[in-house]
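Visitor: Input structure: coords07.cif, which contains mmCIF, C-alpha atoms.
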data_my_file
#
loop_
_atom_site.label_atom_id
_atom_site.label_comp_id
_atom_site.auth_asym_id
_atom_site.auth_seq_id
_atom_site.Cartn_x
_atom_site.Cartn_y
_atom_site.Cartn_z
CA MET A 1 -18.17 -0.06 -13.84
CA VAL A 2 -17.15 3.54 -13.40
CA TYR A 3 -15.10 5.13 -16.15
CA PHE A 4 -12.91 8.13 -15.55
CA ASP A 5 -10.03 9.89 -17.22
CA TYR A 6 -6.60 9.91 -15.65
CA VAL A 7 -4.21 12.83 -15.53
CA ARG A 8 -0.82 12.99 -13.88
CA PRO A 9 -0.11 16.72 -13.37
CA GLN A 10 3.55 17.61 -13.48
CA THR A 11 3.24 20.72 -11.31
CA LEU A 12 0.95 22.10 -8.62
CA ASP A 13 -0.23 24.77 -11.08
CA ASP A 14 -1.19 22.05 -13.56
CA LEU A 15 -3.05 20.23 -10.79
CA LEU A 16 -5.03 23.30 -9.76
CA ALA A 17 -5.78 24.27 -13.35
CA GLY A 18 -6.95 20.74 -14.04
CA LEU A 19 -9.19 20.70 -10.98
CA ARG A 20 -10.68 24.05 -11.97
CA GLN A 21 -11.34 22.85 -15.48
CA ALA A 22 -12.93 19.66 -14.20
CA ASP A 23 -15.31 21.91 -12.28
CA ASN A 24 -15.90 19.70 -9.25
CA GLU A 25 -16.03 16.53 -11.30
CA GLY A 26 -12.37 15.87 -10.60
CA ALA A 27 -10.94 13.85 -7.75
CA VAL A 28 -7.46 13.95 -6.32
CA LEU A 29 -5.80 10.53 -6.33
CA ALA A 30 -2.84 9.83 -4.09
CA GLY A 31 -2.68 6.34 -2.57
CA GLY A 32 -6.12 5.38 -3.83
CA THR A 33 -6.81 3.24 -0.78
CA ASP A 34 -9.95 5.23 0.03
CA LEU A 35 -10.81 6.71 -3.37
CA HIS A 36 -10.96 3.46 -5.32
CA VAL A 37 -13.05 1.80 -2.63
CA LYS A 38 -15.46 4.77 -2.69
CA ILE A 39 -15.66 4.76 -6.49
CA ARG A 40 -16.48 1.07 -6.54
CA ALA A 41 -19.12 1.56 -3.86
CA GLY A 42 -20.68 4.38 -5.87
CA ALA A 43 -19.83 6.94 -3.20
CA ALA A 44 -17.59 8.92 -5.53
CA CYS A 45 -18.11 9.46 -9.25
CA PRO A 46 -15.27 11.54 -10.62
CA ARG A 47 -15.07 12.23 -14.33
CA VAL A 48 -11.31 12.60 -14.06
CA VAL A 49 -8.74 11.69 -11.42
CA PHE A 50 -5.57 13.71 -10.85
CA ASP A 51 -2.71 11.53 -9.68
CA ILE A 52 -0.60 13.50 -7.19
CA SER A 53 1.30 10.49 -5.88
CA ASN A 54 4.51 11.62 -7.57
CA LEU A 55 4.11 15.38 -7.30
CA ALA A 56 7.43 16.37 -5.69
CA PRO A 57 6.23 19.34 -3.58
CA LEU A 58 3.72 17.02 -1.86
CA ARG A 59 6.16 14.21 -1.17
CA SER A 60 8.71 15.54 1.26
CA ILE A 61 9.16 15.57 5.02
CA ASP A 62 11.03 18.65 6.25
CA ASP A 63 12.20 19.74 9.67
CA GLN A 64 11.96 23.50 9.46
CA GLY A 65 13.10 24.04 13.04
CA ASP A 66 9.98 25.67 14.44
CA GLN A 67 7.75 23.21 12.64
CA LEU A 68 7.65 19.94 10.77
CA ARG A 69 6.25 19.98 7.25
CA ILE A 70 4.78 16.78 5.81
CA GLY A 71 3.63 16.73 2.20
CA ALA A 72 0.09 15.44 1.76
CA ALA A 73 1.21 12.65 -0.58
CA VAL A 74 3.71 11.14 1.87
CA SER A 75 2.79 7.52 2.52
CA MET A 76 2.33 5.88 5.91
CA THR A 77 5.36 3.69 5.25
CA GLU A 78 7.44 6.81 4.59
CA ILE A 79 6.19 8.37 7.83
CA ILE A 80 7.20 5.25 9.76
CA ALA A 81 10.64 5.18 8.13
CA SER A 82 11.38 8.86 8.69
CA ALA A 83 14.08 9.35 11.32
CA THR A 84 12.91 12.95 11.70
CA LEU A 85 9.33 11.95 12.48
CA GLN A 86 10.40 9.08 14.74
CA ARG A 87 12.23 11.65 16.84
CA LYS A 88 9.90 14.61 16.55
CA ALA A 89 6.43 13.14 15.91
CA PRO A 90 6.53 9.73 17.61
CA ALA A 91 2.77 9.60 18.23
CA LEU A 92 2.10 10.07 14.52
CA VAL A 93 4.63 7.35 13.69
CA ALA A 94 3.00 5.03 16.24
CA ALA A 95 -0.38 5.68 14.62
CA ALA A 96 0.96 4.99 11.14
CA CYS A 97 2.51 1.70 12.34
CA GLN A 98 -0.86 0.44 13.52
CA MET A 99 -2.87 1.29 10.45
CA SER A 100 -4.29 -1.46 8.32
CA SER A 101 -1.63 -3.57 6.62
CA ARG A 102 1.75 -3.16 4.95
CA GLN A 103 0.18 -3.23 1.52
CA ILE A 104 -2.12 -0.36 2.45
CA ARG A 105 0.57 1.59 4.31
CA ASN A 106 2.82 1.43 1.26
CA ARG A 107 0.21 3.46 -0.65
CA ALA A 108 -2.03 5.29 1.81
CA THR A 109 -1.09 8.90 2.44
CA LEU A 110 -1.39 11.25 5.41
CA GLY A 111 -3.31 13.72 3.26
CA GLY A 112 -5.77 11.06 2.23
CA ASN A 113 -6.30 9.98 5.85
CA ILE A 114 -7.12 13.59 6.77
CA VAL A 115 -9.33 14.41 3.79
CA THR A 116 -11.32 11.17 4.08
CA ALA A 117 -11.93 12.43 7.63
CA SER A 118 -13.23 9.24 9.16
CA PRO A 119 -14.04 9.96 12.80
CA ALA A 120 -11.88 6.90 13.53
CA ALA A 121 -8.89 8.00 11.44
CA ASP A 122 -5.69 7.01 13.20
CA GLY A 123 -3.55 9.79 11.73
CA ILE A 124 -5.77 12.55 13.05
CA PRO A 125 -5.56 12.41 16.90
CA PRO A 126 -1.74 12.74 16.97
CA LEU A 127 -2.02 15.76 14.68
CA LEU A 128 -4.85 17.24 16.73
CA ALA A 129 -2.84 16.83 19.91
CA ALA A 130 0.04 18.62 18.18
CA ASP A 131 -2.11 21.58 17.01
CA ALA A 132 -1.38 20.77 13.39
CA THR A 133 -2.24 23.19 10.61
CA LEU A 134 -3.12 22.29 7.04
CA VAL A 135 -2.03 24.10 3.89
CA LEU A 136 -4.74 24.09 1.23
CA LEU A 137 -4.31 25.19 -2.36
CA GLY A 138 -7.14 26.23 -4.63
CA SER A 139 -8.78 29.01 -6.61
CA ALA A 140 -8.51 31.25 -3.56
CA GLY A 141 -4.76 30.67 -3.55
CA ARG A 142 -2.98 29.27 -0.54
CA ARG A 143 -4.70 29.18 2.81
CA GLU A 144 -3.90 27.67 6.17
CA VAL A 145 -6.49 26.19 8.47
CA THR A 146 -6.12 24.34 11.74
CA LEU A 147 -6.90 20.65 11.58
CA ALA A 148 -9.55 21.23 14.23
CA GLU A 149 -11.33 23.78 12.03
CA PHE A 150 -10.92 21.62 8.92
CA LEU A 151 -12.89 18.65 10.29
CA THR A 152 -16.61 19.34 10.46
CA GLY A 153 -18.27 15.94 10.67
CA PRO A 154 -17.95 12.27 9.71
CA GLY A 155 -16.28 12.35 6.31
CA LYS A 156 -16.78 16.11 6.09
CA THR A 157 -14.21 18.88 5.88
CA THR A 158 -13.98 22.51 4.87
CA LEU A 159 -12.05 21.57 1.73
CA ALA A 160 -13.49 23.91 -0.90
CA GLN A 161 -14.47 22.98 -4.42
CA ASN A 162 -11.39 22.26 -6.56
CA GLU A 163 -9.12 22.66 -3.54
CA VAL A 164 -6.36 20.25 -2.55
CA LEU A 165 -4.68 19.53 0.76
CA ALA A 166 -0.99 20.12 0.11
CA GLU A 167 0.87 20.08 3.42
CA VAL A 168 0.53 19.24 7.07
CA LEU A 169 2.40 21.58 9.43
CA ILE A 170 3.21 20.43 12.94
CA PRO A 171 4.60 22.98 15.42
CA ALA A 172 7.79 21.73 17.00
CA GLU A 173 7.38 20.19 20.45
CA ALA A 174 8.96 21.98 23.35
CA PRO A 175 11.92 20.07 24.76
CA GLY A 176 10.88 17.53 27.39
CA CYS A 177 7.48 17.05 25.78
CA ARG A 178 6.27 13.45 25.66
CA SER A 179 3.66 12.13 23.29
CA HIS A 180 1.92 8.82 22.83
CA PHE A 181 -0.77 7.16 20.74
CA VAL A 182 -3.17 4.34 21.57
CA LYS A 183 -5.33 2.36 19.19
CA VAL A 184 -8.08 0.03 20.39
CA GLY A 185 -9.49 -2.33 17.79
CA ARG A 186 -10.92 -5.80 17.44
CA ARG A 187 -7.74 -7.07 15.82
CA LYS A 188 -4.08 -6.18 15.92
CA ALA A 189 -4.18 -5.14 12.26
CA GLN A 190 -6.64 -4.22 9.54
CA ALA A 191 -9.02 -2.86 12.15
CA ILE A 192 -11.02 0.32 12.14
CA SER A 193 -10.40 1.83 15.57
CA ILE A 194 -13.09 1.34 18.19
CA ILE A 195 -11.42 4.26 19.92
CA ASN A 196 -8.05 5.87 19.51
CA LEU A 197 -6.26 8.51 21.53
CA ALA A 198 -3.19 10.67 21.34
CA GLY A 199 -1.68 12.61 24.20
CA ARG A 200 1.05 15.14 24.64
CA MET A 201 2.40 16.36 27.96
CA ALA A 202 5.19 18.57 29.22
CA ILE A 203 6.11 18.69 32.88
CA GLY A 204 7.67 21.85 34.29
CA GLN A 205 10.69 22.19 36.57
CA ASP A 206 8.41 22.20 39.61
CA GLY A 207 6.81 18.90 38.53
CA SER A 208 3.53 20.45 37.49
CA VAL A 209 1.86 19.91 34.12
CA ARG A 210 2.99 22.76 31.91
CA ASP A 211 1.23 21.55 28.75
CA ILE A 212 -1.32 18.81 28.18
CA ARG A 213 -3.24 17.78 25.08
CA ILE A 214 -5.53 14.80 24.84
CA ALA A 215 -7.14 13.98 21.49
CA LEU A 216 -9.81 11.29 21.18
CA GLY A 217 -10.94 9.59 17.99
CA ALA A 218 -13.94 7.49 17.06
CA VAL A 219 -15.98 8.89 19.95
CA ALA A 220 -17.50 11.97 18.32
CA PRO A 221 -18.43 13.13 14.80
CA THR A 222 -14.82 14.24 14.42
CA ALA A 223 -11.69 13.57 16.45
CA MET A 224 -11.82 15.91 19.43
CA ARG A 225 -9.74 17.40 22.18
CA ALA A 226 -10.73 16.34 25.70
CA ARG A 227 -10.53 19.90 26.98
CA ARG A 228 -12.18 19.32 30.35
CA ALA A 229 -9.73 16.51 31.03
CA GLU A 230 -6.87 18.76 29.98
CA ALA A 231 -8.07 21.60 32.21
CA ALA A 232 -8.17 19.28 35.22
CA LEU A 233 -4.45 18.60 34.81
CA LEU A 234 -2.96 21.84 33.54
CA GLY A 235 -0.87 23.56 36.19
CA ASN A 236 -1.27 20.73 38.69
CA LEU A 237 1.13 18.15 40.01
CA PRO A 238 0.08 14.84 38.46
CA SER A 239 -1.30 12.44 41.03
CA ALA A 240 -3.25 9.20 40.94
CA GLY A 241 -6.28 11.25 41.91
CA ASN A 242 -6.14 13.89 39.22
CA LEU A 243 -5.14 11.44 36.47
CA ALA A 244 -8.20 9.36 37.34
CA GLU A 245 -10.32 12.50 37.41
CA ALA A 246 -9.03 13.56 34.00
CA ALA A 247 -9.77 10.11 32.58
CA ALA A 248 -13.31 10.25 33.94
CA LEU A 249 -13.80 13.73 32.44
CA ALA A 250 -12.56 12.52 29.05
CA ALA A 251 -15.08 9.69 29.16
CA ALA A 252 -17.86 12.11 30.11
CA GLU A 253 -17.06 14.75 27.50
CA CYS A 254 -16.77 12.44 24.51
CA ARG A 255 -19.88 11.83 22.42
CA PRO A 256 -19.67 8.26 21.13
CA ILE A 257 -22.33 6.42 19.20
CA SER A 258 -23.22 2.75 19.22
CA ASP A 259 -22.29 1.13 15.95
CA ILE A 260 -21.21 -2.17 14.48
CA ARG A 261 -17.89 -2.04 16.33
CA ALA A 262 -18.96 -1.12 19.87
CA SER A 263 -21.65 0.42 22.00
CA ALA A 264 -21.51 4.03 23.15
CA SER A 265 -21.23 2.94 26.78
CA GLY A 266 -18.46 0.50 25.87
CA ARG A 267 -16.57 3.29 24.17
CA ARG A 268 -16.86 5.51 27.24
CA LEU A 269 -15.47 2.67 29.35
CA LEU A 270 -12.57 2.29 26.96
CA VAL A 271 -11.92 6.05 26.87
CA GLU A 272 -11.72 6.20 30.64
CA ALA A 273 -9.44 3.17 30.98
CA TRP A 274 -7.10 4.09 28.14
CA THR A 275 -6.96 7.82 28.91
CA LEU A 276 -5.76 6.90 32.38
CA ARG A 277 -3.05 4.63 30.98
CA LEU A 278 -2.09 7.18 28.37
CA LEU A 279 -1.66 9.83 31.05
CA GLN A 280 0.29 7.45 33.27
CA THR A 281 2.61 6.71 30.37
CA LEU A 282 3.05 10.40 29.64
CA CYS A 283 3.80 11.09 33.31
CA ASP A 284 6.27 8.22 33.31
CA LYS A 285 4.31 6.56 36.04
CA ARG A 286 3.39 2.92 35.82
CA GLY A 287 1.33 2.78 32.66
CA ASP A 288 0.33 -0.74 31.77
CA MET A 289 -0.25 -0.69 28.02
CA SER A 290 -0.36 -4.49 27.72
CA GLY A 291 -3.90 -4.50 26.41
CA GLU A 292 -5.76 -5.89 29.36
CA LEU A 293 -8.69 -3.95 30.68
CA PRO A 294 -8.58 -3.10 34.38
CA SER A 295 -10.77 -5.38 36.50
CA MET B 296 -7.43 4.97 -24.07
CA THR B 297 -3.93 5.48 -22.73
CA SER B 298 -0.75 3.95 -24.17
CA LEU B 299 1.70 2.75 -21.59
CA ILE B 300 4.38 0.22 -20.88
CA LEU B 301 4.13 -2.03 -17.86
CA ARG B 302 7.30 -3.73 -16.71
CA VAL B 303 6.24 -7.05 -15.19
CA ASN B 304 8.74 -9.63 -13.93
CA GLY B 305 11.46 -7.93 -15.93
CA ASN B 306 9.52 -7.89 -19.19
CA ASP B 307 8.10 -4.78 -20.85
CA HIS B 308 4.52 -4.95 -22.12
CA ALA B 309 3.12 -2.22 -24.39
CA LEU B 310 -0.56 -1.77 -23.68
CA GLU B 311 -3.51 0.40 -24.68
CA LEU B 312 -5.72 0.70 -21.63
CA GLU B 313 -8.69 2.56 -20.30
CA PRO B 314 -7.45 4.40 -17.24
CA HIS B 315 -10.04 3.12 -14.80
CA ARG B 316 -8.73 -0.45 -14.97
CA SER B 317 -6.95 -1.77 -11.94
CA LEU B 318 -3.48 -3.28 -12.10
CA LEU B 319 -5.06 -6.51 -10.86
CA ALA B 320 -7.51 -6.66 -13.77
CA VAL B 321 -4.84 -5.81 -16.32
CA LEU B 322 -2.35 -8.39 -15.02
CA ARG B 323 -4.98 -11.10 -15.19
CA GLU B 324 -6.97 -10.13 -18.25
CA GLU B 325 -4.47 -8.41 -20.55
CA LEU B 326 -1.28 -10.20 -19.60
CA GLY B 327 -2.76 -13.57 -18.69
CA LEU B 328 -0.92 -13.58 -15.38
CA THR B 329 -3.62 -15.19 -13.34
CA GLY B 330 -1.42 -16.09 -10.38
CA THR B 331 -2.47 -12.80 -8.76
CA LYS B 332 -5.95 -13.39 -7.36
CA GLU B 333 -8.97 -11.22 -6.74
CA GLY B 334 -10.34 -11.88 -3.25
CA CYS B 335 -12.21 -8.73 -2.32
CA ASN B 336 -11.33 -5.95 -4.78
CA ALA B 337 -11.21 -3.56 -1.82
CA GLY B 338 -7.73 -3.89 -0.34
CA ASP B 339 -8.80 -6.01 2.62
CA CYS B 340 -7.60 -9.54 1.86
CA GLY B 341 -4.20 -9.27 0.17
CA ALA B 342 -4.88 -12.04 -2.36
CA CYS B 343 -3.92 -9.54 -5.05
CA THR B 344 -0.58 -8.63 -3.47
CA VAL B 345 2.17 -7.81 -5.96
CA LEU B 346 5.49 -6.09 -5.43
CA LEU B 347 5.74 -2.58 -6.83
CA ASP B 348 9.40 -1.51 -6.86
CA GLY B 349 9.86 -4.26 -4.28
CA ALA B 350 7.11 -3.07 -1.93
CA PRO B 351 4.02 -5.23 -1.34
CA VAL B 352 0.82 -3.51 -2.46
CA ASN B 353 -2.77 -4.50 -3.24
CA ALA B 354 -3.01 -4.55 -7.04
CA CYS B 355 -6.76 -4.03 -6.81
CA LEU B 356 -6.25 -0.53 -5.44
CA ILE B 357 -3.75 0.61 -8.03
CA LEU B 358 -4.69 1.76 -11.50
CA ALA B 359 -2.62 0.03 -14.15
CA VAL B 360 -1.76 3.46 -15.57
CA GLN B 361 -0.29 4.44 -12.20
CA ALA B 362 2.15 1.52 -12.30
CA ALA B 363 3.77 2.54 -15.58
CA GLY B 364 7.46 3.17 -15.03
CA GLN B 365 7.68 0.93 -11.97
CA GLU B 366 8.92 -2.64 -11.52
CA ILE B 367 6.02 -5.00 -10.94
CA THR B 368 6.71 -8.46 -9.56
CA THR B 369 3.97 -11.06 -9.57
CA ILE B 370 4.06 -14.65 -8.30
CA GLU B 371 4.95 -15.75 -11.81
CA GLY B 372 8.21 -13.85 -11.46
CA VAL B 373 9.32 -15.59 -8.26
CA ALA B 374 10.58 -18.95 -9.50
CA GLU B 375 13.69 -18.49 -11.62
CA GLU B 376 14.41 -20.71 -14.64
CA GLY B 377 11.84 -23.19 -13.36
CA GLN B 378 13.59 -23.41 -10.00
CA LEU B 379 11.26 -22.75 -7.07
CA HIS B 380 12.19 -20.03 -4.62
CA PRO B 381 13.15 -21.41 -1.17
CA LEU B 382 9.97 -19.87 0.23
CA GLN B 383 7.86 -21.71 -2.34
CA GLU B 384 9.58 -24.98 -1.45
CA ALA B 385 9.08 -24.29 2.25
CA PHE B 386 5.38 -23.53 1.73
CA ILE B 387 4.97 -26.93 0.09
CA GLU B 388 7.06 -28.75 2.70
CA TYR B 389 5.29 -27.19 5.68
CA GLY B 390 1.77 -27.69 4.32
CA ALA B 391 1.28 -23.93 4.08
CA VAL B 392 -0.77 -24.32 0.88
CA GLN B 393 -4.32 -25.66 1.08
CA CYS B 394 -6.64 -24.10 -1.43
CA GLY B 395 -3.74 -22.00 -2.67
CA TYR B 396 -5.74 -18.82 -3.18
CA CYS B 397 -3.87 -16.70 -0.63
CA THR B 398 -0.53 -18.28 -1.48
CA PRO B 399 0.74 -15.96 -4.21
CA GLY B 400 0.14 -12.96 -1.98
CA MET B 401 1.64 -14.72 1.04
CA VAL B 402 4.79 -15.65 -0.90
CA LEU B 403 5.29 -12.12 -2.23
CA SER B 404 4.71 -10.52 1.17
CA SER B 405 7.19 -12.99 2.67
CA ILE B 406 9.78 -12.27 0.02
CA ALA B 407 9.50 -8.56 0.75
CA LEU B 408 9.77 -9.25 4.49
CA LEU B 409 12.89 -11.41 4.24
CA ARG B 410 14.61 -8.89 2.01
CA GLU B 411 14.10 -6.22 4.63
CA THR B 412 14.38 -8.40 7.76
CA PRO B 413 16.35 -11.57 7.01
CA ARG B 414 15.73 -13.11 10.44
CA PRO B 415 12.29 -11.94 11.50
CA SER B 416 10.71 -12.89 14.79
CA ARG B 417 7.37 -14.63 14.80
CA THR B 418 5.74 -11.31 15.67
CA GLU B 419 7.48 -9.57 12.80
CA ILE B 420 6.29 -12.28 10.41
CA GLN B 421 2.72 -11.95 11.66
CA ASP B 422 2.88 -8.18 11.32
CA ALA B 423 4.27 -8.39 7.79
CA LEU B 424 1.55 -10.83 6.76
CA ALA B 425 -1.27 -8.98 8.52
CA GLY B 426 -2.53 -7.85 5.13
CA ASN B 427 -2.78 -11.39 3.73
CA LEU B 428 -5.80 -13.34 4.89
CA CYS B 429 -5.98 -17.13 4.77
CA ARG B 430 -9.21 -19.03 5.31
CA CYS B 431 -7.73 -22.51 5.21
CA THR B 432 -4.53 -22.97 7.16
CA GLY B 433 -4.90 -20.99 10.37
CA TYR B 434 -1.56 -19.35 9.46
CA VAL B 435 0.62 -21.63 11.62
CA GLN B 436 2.14 -23.56 8.74
CA ILE B 437 2.69 -20.36 6.78
CA VAL B 438 4.63 -18.76 9.62
CA GLU B 439 6.65 -21.95 10.16
CA ALA B 440 7.51 -22.14 6.47
CA ILE B 441 8.80 -18.57 6.53
CA GLN B 442 10.71 -19.17 9.76
CA SER B 443 12.39 -22.20 8.23
CA VAL B 444 13.72 -20.09 5.37
CA ALA B 445 14.72 -17.26 7.69
CA GLU B 446 16.62 -19.63 9.93
CA GLY B 447 18.44 -21.02 6.93
CA ARG B 448 16.90 -24.42 7.19
CA LYS B 449 15.92 -24.25 3.53
#
Just give me the structure of the file as structure tokens.
Guide:
Amino acid sequence: MVYFDYVRPQTLDDLLAGLRQADNEGAVLAGGTDLHVKIRAGAACPRVVFDISNLAPLRSIDDQGDQLRIGAAVSMTEIIASATLQRKAPALVAAACQMSSRQIRNRATLGGNIVTASPAADGIPPLLAADATLVLLGSAGRREVTLAEFLTGPGKTTLAQNEVLAEVLIPAEAPGCRSHFVKVGRRKAQAISIINLAGRMAIGQDGSVRDIRIALGAVAPTAMRARRAEAALLGNLPSAGNLAEAAALAAAECRPISDIRASASGRRLLVEAWTLRLLQTLCDKRGDMSGELPS
Amino acid sequence: MTSLILRVNGNDHALELEPHRSLLAVLREELGLTGTKEGCNAGDCGACTVLLDGAPVNACLILAVQAAGQEITTIEGVAEEGQLHPLQEAFIEYGAVQCGYCTPGMVLSSIALLRETPRPSRTEIQDALAGNLCRCTGYVQIVEAIQSVAEGRK
């Protein structure tokens, strides 16, 4: 049995002061769907938990025109229900819809998903594909870091001692941009992703790919951009040939491991098949997302 | 020790609790409301599902102190004045209860579903119940029981 004190800070200043005073023995509690599991498994031993689940500055979703701002303590259910995010961050909404279960989604937060930093996190690839930035608050004040820089390994981030993730900033998509998210798991719910992917594409007036981002999860120590796949498409007219080439490059450049959920070679197979379908969907070509692997 | 008031099934309970205790443990051990079950204590099985301000949540992953100020509904709060809820009657009629361990969570998740989506499709029912595991029934009778209520047959 792990004992800890519980504090519900009323302001961000109170939160930061409390974390400083707890001197790295404090833990931030939002949804608790990761933290409590870790505490019970002995993987986290805070002396005090700071409940941010009702801290107003961390709870809102704002469309600021040039960017979307999502507070770290916004729940998955709130993300799904947000008309703003359904319109402007549909891949993130799709990811949130496929996470876990309703009970978990009603509590789990976007900030928690990012800070837990599972390589298989579903919330991360859509944000990576959108070049999201994180706002961190701590002793050093307020700093911004790209999501890509923030993630350093399985469960590891650059979150400093006594620092808290406060906001997720997503640059607004250019008009005509399409995005999509795919989750592959052993079940339709309550499954840790075997692989997941998010893609974003904009096609120019001349039909060529003006912008392309492909983010892969669960196939490397952190979610990653498939940059070689992207490079094969950028500036080109999408064709069956170059979509297949991009999918093959994505499969080659990812670095999966074999684990309890799948083998490394199986993951590469899945990355190739699903990257192709993702790209077909983004190009508005026939993209069969019915769940059957190609023969 | 923290002093707090938990509002459960419309009743206020003044409690002195250590903050690390889960809502699940407090409901069962302090309030004697043992209808909410512990299946995994990790948020995987849904046997501990309660409604928090109407939303289904796993009570094992919520600290009791976090739930102060919110409306908690447990299975004990579903039947009114001794009259079973239509879902409870349907569960009995359709054989959706075998060992009964998942049932409180299933009923609460279904209540939340029907409030939000009065005529859910089979897929919507399955999605809403994805967080409630059953080892006995194979789910078919549970879905049929919910459909019968949704279609106004109960």
Visitor: Counting only C-alpha atoms, give me one row per residue of chain B with an atom at most 8 Å from an atom of chain A, showing the shortest contact pair and its distance in Å to one decimal, sorted by chain then residue number, as CSV.
Guide:
residue,atom,partner,partner_atom,distance
B:Pro314,CA,A:Tyr6,CA,5.8
B:His315,CA,A:Tyr3,CA,5.6
B:Ala337,CA,A:Val37,CA,5.7
B:Gly338,CA,A:Ile104,CA,7.2
B:Asp339,CA,A:Gln190,CA,7.5
B:Gly341,CA,A:Gln103,CA,7.6
B:Thr344,CA,A:Gln103,CA,7.4
B:Ala350,CA,A:Asn106,CA,7.0
B:Pro351,CA,A:Gln103,CA,5.2
B:Val352,CA,A:Gln103,CA,4.0
B:Asn353,CA,A:Gln103,CA,5.7
B:Leu356,CA,A:Thr33,CA,6.0
B:Ile357,CA,A:Gly32,CA,6.8
B:Gln361,CA,A:Asp51,CA,7.9
B:Asp422,CA,A:Ala189,CA,7.7
B:Ala423,CA,A:Arg102,CA,6.5
B:Leu424,CA,A:Arg102,CA,7.9
B:Ala425,CA,A:Ser101,CA,5.7
B:Gly426,CA,A:Ser101,CA,4.6
Visitor: Using the chain letters and residue numbers of this document, give as a compact mmCIF listing (two decimals) with C-alpha atoms, in the frame of the given file the residues selected by the PyMOL selection byres ((chain A and resi 12) around 12).
Guide:
# COMPACT_ATOMS: atom_id res chain seq x y z
CA ARG A 8 -0.82 12.99 -13.88
CA PRO A 9 -0.11 16.72 -13.37
CA GLN A 10 3.55 17.61 -13.48
CA THR A 11 3.24 20.72 -11.31
CA ASP A 13 -0.23 24.77 -11.08
CA ASP A 14 -1.19 22.05 -13.56
CA LEU A 15 -3.05 20.23 -10.79
CA LEU A 16 -5.03 23.30 -9.76
CA ALA A 17 -5.78 24.27 -13.35
CA GLY A 18 -6.95 20.74 -14.04
CA LEU A 19 -9.19 20.70 -10.98
CA VAL A 28 -7.46 13.95 -6.32
CA PHE A 50 -5.57 13.71 -10.85
CA ASP A 51 -2.71 11.53 -9.68
CA ILE A 52 -0.60 13.50 -7.19
CA SER A 53 1.30 10.49 -5.88
CA ASN A 54 4.51 11.62 -7.57
CA LEU A 55 4.11 15.38 -7.30
CA ALA A 56 7.43 16.37 -5.69
CA PRO A 57 6.23 19.34 -3.58
CA LEU A 58 3.72 17.02 -1.86
CA LEU A 136 -4.74 24.09 1.23
CA LEU A 137 -4.31 25.19 -2.36
CA GLY A 138 -7.14 26.23 -4.63
CA GLY A 141 -4.76 30.67 -3.55
CA ARG A 142 -2.98 29.27 -0.54
CA GLU A 163 -9.12 22.66 -3.54
CA VAL A 164 -6.36 20.25 -2.55
CA LEU A 165 -4.68 19.53 0.76
CA ALA A 166 -0.99 20.12 0.11
Visitor: For the atom pair CA of Val145 (chain A) and CA of Ile61 (chain A), what is the interatomic distance in Å to one decimal place?
Guide: 19.2 Å
Visitor: Might you pull out every residue within 8 Å of region 80-84 of chain A, with all atoms listed in the file counted and same-chain residues fewer than 5 positions away left off, and present them as a list in words?
Guide: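 In the requested format, the answer is Ile61, Asp63, Ala89, Val93, Ala94, Ala96 and Cys97 of chain A.
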Visitor: Enter the distance from CA of Glu144 (chain A) to CA of Gln161 (chain A), in Å, rounded to one decimal.
Guide: 15.7 Å
Visitor: Identify, on the basis of only C-alpha atoms, every residue whose closest approach to Ala363 (chain B) does not exceed 8 Å; exclude the query and any residue fewer than 4 positions from it along the same chain; express the result as an MDAnalysis selection string.
Guide: chainID B and resid 299:302 359
Visitor: Given the point (16.0, -20.6, 5.0) in the coordinates of this file, which residues lie within 10 Å, counting only C-alpha atoms, and how would they look as a list in words?
Guide: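 Answer for this query, in the requested form: Pro381, Leu382, Ala385, Leu409, Pro413, Arg414, Ala440, Ile441, Gln442, Ser443, Val444, Ala445, Glu446, Gly447, Arg448 and Lys449 of chain B.
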Visitor: Please indicate the distance in Å from CA of Cys343 (chain B) to CA of Ser298 (chain B), rounded to one decimal place.
Guide: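 Pair CA of Cys343 (chain B) / CA of Ser298 (chain B) returns 23.6 Å.
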Visitor: Could you spell out the hits of the PyMOL selection byres ((chain A and resi 199) around 10) on the shown file, as a VMD selection string?
Guide: chain A and resid 91 125 to 126 128 to 130 178 to 182 197 to 198 200 to 201 212 to 216 225 to 226 230 275 278 to 279 281 to 282
Visitor: The PyMOL selection byres ((chain A and resi 46) around 6) - which residues does that actually catch in the file I just gave you? List them as number ranges by chain.
Guide: A: 25-27, 45, 47-48
Visitor: Which residues, written as a PyMOL selection string, have at least one atom at most 12 Å from Cys431 (chain B), with all atoms listed in the file counted and residues fewer than 4 positions away on the same chain left out?
Guide: chain B and resi 390-398+435-437
Visitor: Could you name the residues that touch Leu328 (chain B) at 12 Å or less, counting all atoms listed in the file, but leaving out those on the same chain fewer than 4 positions away, as a compact mmCIF listing (two decimals) with C-alpha atoms, keeping the file's coordinate frame?
Guide:
# COMPACT_ATOMS: atom_id res chain seq x y z
CA VAL B 303 6.24 -7.05 -15.19
CA ASN B 304 8.74 -9.63 -13.93
CA LEU B 318 -3.48 -3.28 -12.10
CA LEU B 319 -5.06 -6.51 -10.86
CA ALA B 320 -7.51 -6.66 -13.77
CA VAL B 321 -4.84 -5.81 -16.32
CA LEU B 322 -2.35 -8.39 -15.02
CA ARG B 323 -4.98 -11.10 -15.19
CA GLU B 324 -6.97 -10.13 -18.25
CA LYS B 332 -5.95 -13.39 -7.36
CA CYS B 343 -3.92 -9.54 -5.05
CA VAL B 345 2.17 -7.81 -5.96
CA ILE B 367 6.02 -5.00 -10.94
CA THR B 368 6.71 -8.46 -9.56
CA THR B 369 3.97 -11.06 -9.57
CA ILE B 370 4.06 -14.65 -8.30
CA GLU B 371 4.95 -15.75 -11.81
CA GLY B 372 8.21 -13.85 -11.46
CA PRO B 399 0.74 -15.96 -4.21
